[in-house]
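**Q** I have a structure I would like to understand better, so I am pasting it below and will then ask my questions one at a time.
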Amino acid sequence: MASSKPVIVLIHGAFFAPVHYRKLIEPLRAQGYVVIAPPMPSTGLDDSAAGRTYVDDAKRILEYLIPYLDEGKEAVVVAHSQGGIAGSALTEGQTVEDRKAKGLKGGVKSVIYLSALAIPTKGASLLGLLGGTPPPIYKAEGPFYVLTEHAFSQTDTQIPKDDQIALTRTLVHQSKASLEAPVHFTAADVTASKTYIVCLDDQGLPAQLQESFAQMTGCRVVKIQSGHFPFLESTEKAQEVIDVIVDVAGK
């Protein structure tokens with residue numbers, strides 16, 4: 001008998017890759033969920049990422065997701081950090097109600113923003129939210145932004161020091177265009193159920209800004225005591241995120 005559980009779509013943040021989310025992916029798969037977590041085109045180490053934006057990221061995710069939706073499966077989108085932009089965009093025309101209106105089965109039933117850019121305003125961009133200047137944690141190199149030595153200082157993260165060192169060896173470049181592109185389908189436009197996981201100790205995306213995103217876009221709020229990367233801080237923090245995902249998936 002086919003599983004009635006929704007597909008979980010996990011969208012990674014800038015500079016990261018799906019492998020960094022294994023403490024979320026593996027436990028969810030162990031519980032019987034299909035988890036889709038493709039690498040985003042806007043991240044990488046070669047020129048294929050140059051010029052790519054959230055539009056390319058959303059298209060990539062839908063290439064993986066649509067076959068499941070066409071089978072009648074529903075989906076829960078979990079978007080972390082910058083992944084929130086593509087997480088909102090991919091729902092355009094693909095919610096359960098949108099697809100039902102077109103005579104199609106399946107669809108996105110919920111979106112979970114994990115300390116994510118749930119941008120509420122059309123035409124806004126990540127770089128614009130930063131005041132037009134990149135923060136010290138990354139710098140421009142050609143068509144990319146690359147992380148600097150400030151990316152994982154102890155004041156910015158609760159990831160154990162030894163893990164930080166290993167992590168810096170596996171991070172990738174981010175397309176400049178992905179941070180500069182204006183958003184045309186916002187979190188406020190998403191009509192599926194929305195939940196925002198506010199990470200209270202996040203220094204990069206402060207809790208006050210996260211709560212503002214949630215309020216302006218109509219998200220239910222769940223708060224956890226963690227930094228920007230709860231799934232890298234500890235198994236316990238990762239489980240808190242998993243618990244929210246499973247709760248939303250079961251509704």
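If you're wondering about the labels, chains in the structure tokens are A, B, ... by order shown, residues count from 1 in each chain, ligands from 1 in order shown.
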With a distance cut-off of 9 Å and only C-alpha atoms, select the neighbouring residues of Leu171 in chain A, excluding the residue or stretch itself and same-chain residues fewer than 6 positions from it, and output the selection as a list of chain:residue names.
**A**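 After dropping sequence-adjacent residues, the list is A:Phe15, A:Phe16, A:Ala17, A:Gly44, A:Leu147.
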**Q** Once you count only C-alpha atoms, what closest atom pair and distance in Å to one decimal does each residue of range 178-212 of chain A within 10 Å of range 228-238 of chain A have, with rows by chain and rising residue number, as JSON lines?
**A**
```
{"residue": "A:Val198", "atom": "CA", "partner": "A:His228", "partner_atom": "CA", "distance": 9.2}
{"residue": "A:Cys199", "atom": "CA", "partner": "A:His228", "partner_atom": "CA", "distance": 6.3}
{"residue": "A:Leu200", "atom": "CA", "partner": "A:His228", "partner_atom": "CA", "distance": 8.6}
{"residue": "A:Asp201", "atom": "CA", "partner": "A:His228", "partner_atom": "CA", "distance": 7.4}
{"residue": "A:Asp202", "atom": "CA", "partner": "A:His228", "partner_atom": "CA", "distance": 4.7}
{"residue": "A:Gln203", "atom": "CA", "partner": "A:His228", "partner_atom": "CA", "distance": 7.3}
{"residue": "A:Gly204", "atom": "CA", "partner": "A:His228", "partner_atom": "CA", "distance": 7.0}
{"residue": "A:Leu205", "atom": "CA", "partner": "A:His228", "partner_atom": "CA", "distance": 7.3}
{"residue": "A:Pro206", "atom": "CA", "partner": "A:His228", "partner_atom": "CA", "distance": 9.0}
{"residue": "A:Ala207", "atom": "CA", "partner": "A:His228", "partner_atom": "CA", "distance": 9.8}
```
**Q** Export C-alpha atoms of the chosen residues as a compact mmCIF listing (two decimals), in the first residue's frame?
**A**
```txt
# COMPACT_ATOMS: atom_id res chain seq x y z
CA VAL A 198 11.89 31.32 14.68
CA CYS A 199 15.43 30.55 15.85
CA LEU A 200 15.73 32.78 18.89
CA ASP A 201 19.54 32.85 19.13
CA ASP A 202 20.16 33.52 15.43
CA GLN A 203 22.67 36.38 15.08
CA GLY A 204 22.67 36.45 11.28
CA LEU A 205 18.90 36.73 10.86
CA PRO A 206 17.76 38.16 14.22
CA ALA A 207 14.65 36.74 15.84
```
**Q** Which residues, written as an MDAnalysis selection string, have at least one atom at most 12 Å from Gly32 in chain A, with only C-alpha atoms counted and residues fewer than 3 positions away on the same chain left out?
**A** chainID A and resid 2:8 25:29 35 246 249
**Q** So which residues touch range 63-65 of chain A within 8 Å, counting only C-alpha atoms, skipping near sequence neighbours fewer than 5 positions away, as a PyMOL selection string?
**A** chain A and resi 9+36+38
**Q** Could you tell me which of A:Pro120, A:Gly132, A:Gly103, A:Gly93 comes closest to Cys219 in chain A if we count only C-alpha atoms?
**A**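 Closest candidate: A:Pro120.
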**Q** Which value, in Å to one decimal, gives the distance between CA of Val19 in chain A and CA of Tyr33 in chain A?
**A**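 So the answer is 17.2 Å.
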**Q** Select from range 116-245 of chain A everything DSSP, run on the backbone, classes as helix (DSSP H, G or I), then give the selection as a PyMOL selection string.
**A** chain A and resi 126-129+161-168+176-180+187-189+207-217+230-233+235-245
**Q** Which one of A:Ala79, A:Leu69, A:Met216, A:Val172 sits closest to Ala49 in chain A if you count only C-alpha atoms?
**A**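 That would be A:Val172, the residue with the smallest distance to Ala49 in chain A.
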**Q** Quick one: everything within 12 Å of Pro134 in chain A, counting only C-alpha atoms, minus sequence neighbours fewer than 4 positions away in the same chain. Send it as a PDB file with N, CA and C atoms, in the first residue's frame.
**A**
```pdb
ATOM      1  N   LEU A 126      17.374  40.062  -1.383  1.00  0.00           N
ATOM      2  CA  LEU A 126      18.177  39.851  -0.179  1.00  0.00           C
ATOM      3  C   LEU A 126      19.191  40.968  -0.006  1.00  0.00           C
ATOM      4  N   LEU A 127      19.862  41.337  -1.081  1.00  0.00           N
ATOM      5  CA  LEU A 127      20.857  42.398  -0.968  1.00  0.00           C
ATOM      6  C   LEU A 127      20.201  43.711  -0.559  1.00  0.00           C
ATOM      7  N   GLY A 128      19.002  43.952  -1.045  1.00  0.00           N
ATOM      8  CA  GLY A 128      18.285  45.154  -0.648  1.00  0.00           C
ATOM      9  C   GLY A 128      17.961  45.160   0.826  1.00  0.00           C
ATOM     10  N   LEU A 129      17.581  43.992   1.366  1.00  0.00           N
ATOM     11  CA  LEU A 129      17.303  43.889   2.790  1.00  0.00           C
ATOM     12  C   LEU A 129      18.550  44.148   3.623  1.00  0.00           C
ATOM     13  N   LEU A 130      19.710  43.876   3.026  1.00  0.00           N
ATOM     14  CA  LEU A 130      20.984  44.103   3.713  1.00  0.00           C
ATOM     15  C   LEU A 130      21.492  45.533   3.534  1.00  0.00           C
ATOM     16  N   TYR A 138      30.623  37.359   3.786  1.00  0.00           N
ATOM     17  CA  TYR A 138      30.976  36.962   2.425  1.00  0.00           C
ATOM     18  C   TYR A 138      31.417  38.167   1.601  1.00  0.00           C
ATOM     19  N   LYS A 139      32.103  37.847   0.496  1.00  0.00           N
ATOM     20  CA  LYS A 139      32.659  38.885  -0.371  1.00  0.00           C
ATOM     21  C   LYS A 139      32.465  38.481  -1.828  1.00  0.00           C
ATOM     22  N   ALA A 140      32.526  39.458  -2.713  1.00  0.00           N
ATOM     23  CA  ALA A 140      32.334  39.218  -4.145  1.00  0.00           C
ATOM     24  C   ALA A 140      33.630  38.727  -4.781  1.00  0.00           C
ATOM     25  N   PHE A 144      30.342  35.471  -8.305  1.00  0.00           N
ATOM     26  CA  PHE A 144      29.942  34.760  -7.095  1.00  0.00           C
ATOM     27  C   PHE A 144      30.149  35.607  -5.842  1.00  0.00           C
ATOM     28  N   TYR A 145      29.470  35.185  -4.775  1.00  0.00           N
ATOM     29  CA  TYR A 145      29.844  35.566  -3.427  1.00  0.00           C
ATOM     30  C   TYR A 145      30.477  34.340  -2.794  1.00  0.00           C
ATOM     31  N   VAL A 146      31.549  34.552  -2.034  1.00  0.00           N
ATOM     32  CA  VAL A 146      32.213  33.466  -1.323  1.00  0.00           C
ATOM     33  C   VAL A 146      32.301  33.839   0.146  1.00  0.00           C
ATOM     34  N   LEU A 147      32.259  32.842   1.002  1.00  0.00           N
ATOM     35  CA  LEU A 147      32.324  33.082   2.430  1.00  0.00           C
ATOM     36  C   LEU A 147      33.724  33.511   2.850  1.00  0.00           C
ATOM     37  N   THR A 148      33.782  34.344   3.858  1.00  0.00           N
ATOM     38  CA  THR A 148      35.055  34.808   4.404  1.00  0.00           C
ATOM     39  C   THR A 148      35.356  34.091   5.715  1.00  0.00           C
ATOM     40  N   LYS A 176      26.015  35.598  -7.360  1.00  0.00           N
ATOM     41  CA  LYS A 176      25.694  36.983  -6.970  1.00  0.00           C
ATOM     42  C   LYS A 176      24.264  37.334  -7.370  1.00  0.00           C
ATOM     43  N   LEU A 179      21.382  36.725  -4.897  1.00  0.00           N
ATOM     44  CA  LEU A 179      21.191  37.646  -3.785  1.00  0.00           C
ATOM     45  C   LEU A 179      20.655  38.991  -4.246  1.00  0.00           C
ATOM     46  N   GLU A 180      20.802  39.261  -5.521  1.00  0.00           N
ATOM     47  CA  GLU A 180      20.437  40.573  -6.054  1.00  0.00           C
ATOM     48  C   GLU A 180      19.102  40.587  -6.793  1.00  0.00           C
TER      49      GLU A 180
END
```
**Q** I'd like to know which of A:Ser226, A:Gln158, A:Thr195, A:Gln210 is closest to Leu117 in chain A, using only C-alpha atoms.
**A**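 The closest residue to Leu117 in chain A is A:Gln210.
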**Q** Using the chain letters and numbers from this document, which residues of range 25-90 of chain A does DSSP assign to strand (DSSP E), as a PyMOL selection string?
**A** chain A and resi 35-36+43-44+74-80
**Q** What would the file look like if the residues just selected were written as a short mmCIF file (atom, residue, chain, number, x, y, z; two decimals), in the first residue's frame with all heavy atoms?
**A**
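Dumped to out-v9.cif:
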```cif
data_model
loop_
_atom_site.label_atom_id
_atom_site.label_comp_id
_atom_site.auth_asym_id
_atom_site.auth_seq_id
_atom_site.Cartn_x
_atom_site.Cartn_y
_atom_site.Cartn_z
N VAL A 35 11.84 12.26 0.98
CA VAL A 35 12.43 13.58 1.14
C VAL A 35 13.16 13.95 -0.15
O VAL A 35 14.07 13.24 -0.59
CB VAL A 35 13.42 13.64 2.32
CG1 VAL A 35 14.00 15.05 2.46
CG2 VAL A 35 12.73 13.23 3.62
N ILE A 36 12.75 15.06 -0.75
CA ILE A 36 13.40 15.59 -1.94
C ILE A 36 14.30 16.74 -1.49
O ILE A 36 13.82 17.69 -0.86
CB ILE A 36 12.36 16.12 -2.95
CG1 ILE A 36 11.45 15.00 -3.43
CG2 ILE A 36 13.05 16.79 -4.13
CD1 ILE A 36 10.28 15.50 -4.27
N THR A 43 23.94 27.59 -6.34
CA THR A 43 25.12 27.30 -5.53
C THR A 43 26.02 26.33 -6.28
O THR A 43 25.56 25.51 -7.06
CB THR A 43 24.73 26.66 -4.18
OG1 THR A 43 24.04 25.42 -4.42
CG2 THR A 43 23.85 27.56 -3.36
N GLY A 44 27.33 26.44 -6.04
CA GLY A 44 28.26 25.52 -6.69
C GLY A 44 29.67 26.04 -6.69
O GLY A 44 29.96 27.12 -6.16
N GLU A 74 0.69 14.88 -1.87
CA GLU A 74 0.80 16.24 -1.36
C GLU A 74 2.22 16.46 -0.85
O GLU A 74 2.97 15.51 -0.65
CB GLU A 74 -0.24 16.48 -0.26
CG GLU A 74 -1.66 16.41 -0.80
CD GLU A 74 -2.70 16.77 0.24
OE1 GLU A 74 -2.35 16.93 1.44
OE2 GLU A 74 -3.88 16.90 -0.14
N ALA A 75 2.60 17.72 -0.65
CA ALA A 75 3.97 18.03 -0.27
C ALA A 75 4.01 19.10 0.81
O ALA A 75 3.16 19.99 0.85
CB ALA A 75 4.77 18.50 -1.49
N VAL A 76 5.00 18.98 1.67
CA VAL A 76 5.34 20.01 2.65
C VAL A 76 6.71 20.55 2.28
O VAL A 76 7.68 19.78 2.18
CB VAL A 76 5.36 19.44 4.09
CG1 VAL A 76 5.87 20.50 5.07
CG2 VAL A 76 3.98 18.96 4.49
N VAL A 77 6.80 21.84 2.05
CA VAL A 77 8.06 22.48 1.68
C VAL A 77 8.73 23.01 2.95
O VAL A 77 8.09 23.72 3.73
CB VAL A 77 7.82 23.64 0.69
CG1 VAL A 77 9.12 24.39 0.41
CG2 VAL A 77 7.20 23.12 -0.60
N VAL A 78 9.98 22.65 3.15
CA VAL A 78 10.77 23.14 4.30
C VAL A 78 11.93 23.94 3.73
O VAL A 78 12.82 23.39 3.08
CB VAL A 78 11.30 21.98 5.16
CG1 VAL A 78 12.06 22.52 6.36
CG2 VAL A 78 10.16 21.07 5.61
N ALA A 79 11.92 25.25 3.96
CA ALA A 79 12.91 26.13 3.35
C ALA A 79 13.75 26.80 4.43
O ALA A 79 13.21 27.42 5.35
CB ALA A 79 12.22 27.18 2.50
N HIS A 80 15.06 26.67 4.30
CA HIS A 80 15.98 27.26 5.28
C HIS A 80 16.67 28.48 4.68
O HIS A 80 17.09 28.47 3.53
CB HIS A 80 17.03 26.24 5.70
CG HIS A 80 18.06 26.78 6.64
ND1 HIS A 80 19.40 26.78 6.37
CD2 HIS A 80 17.92 27.36 7.87
CE1 HIS A 80 20.05 27.33 7.39
NE2 HIS A 80 19.18 27.69 8.30
#
```
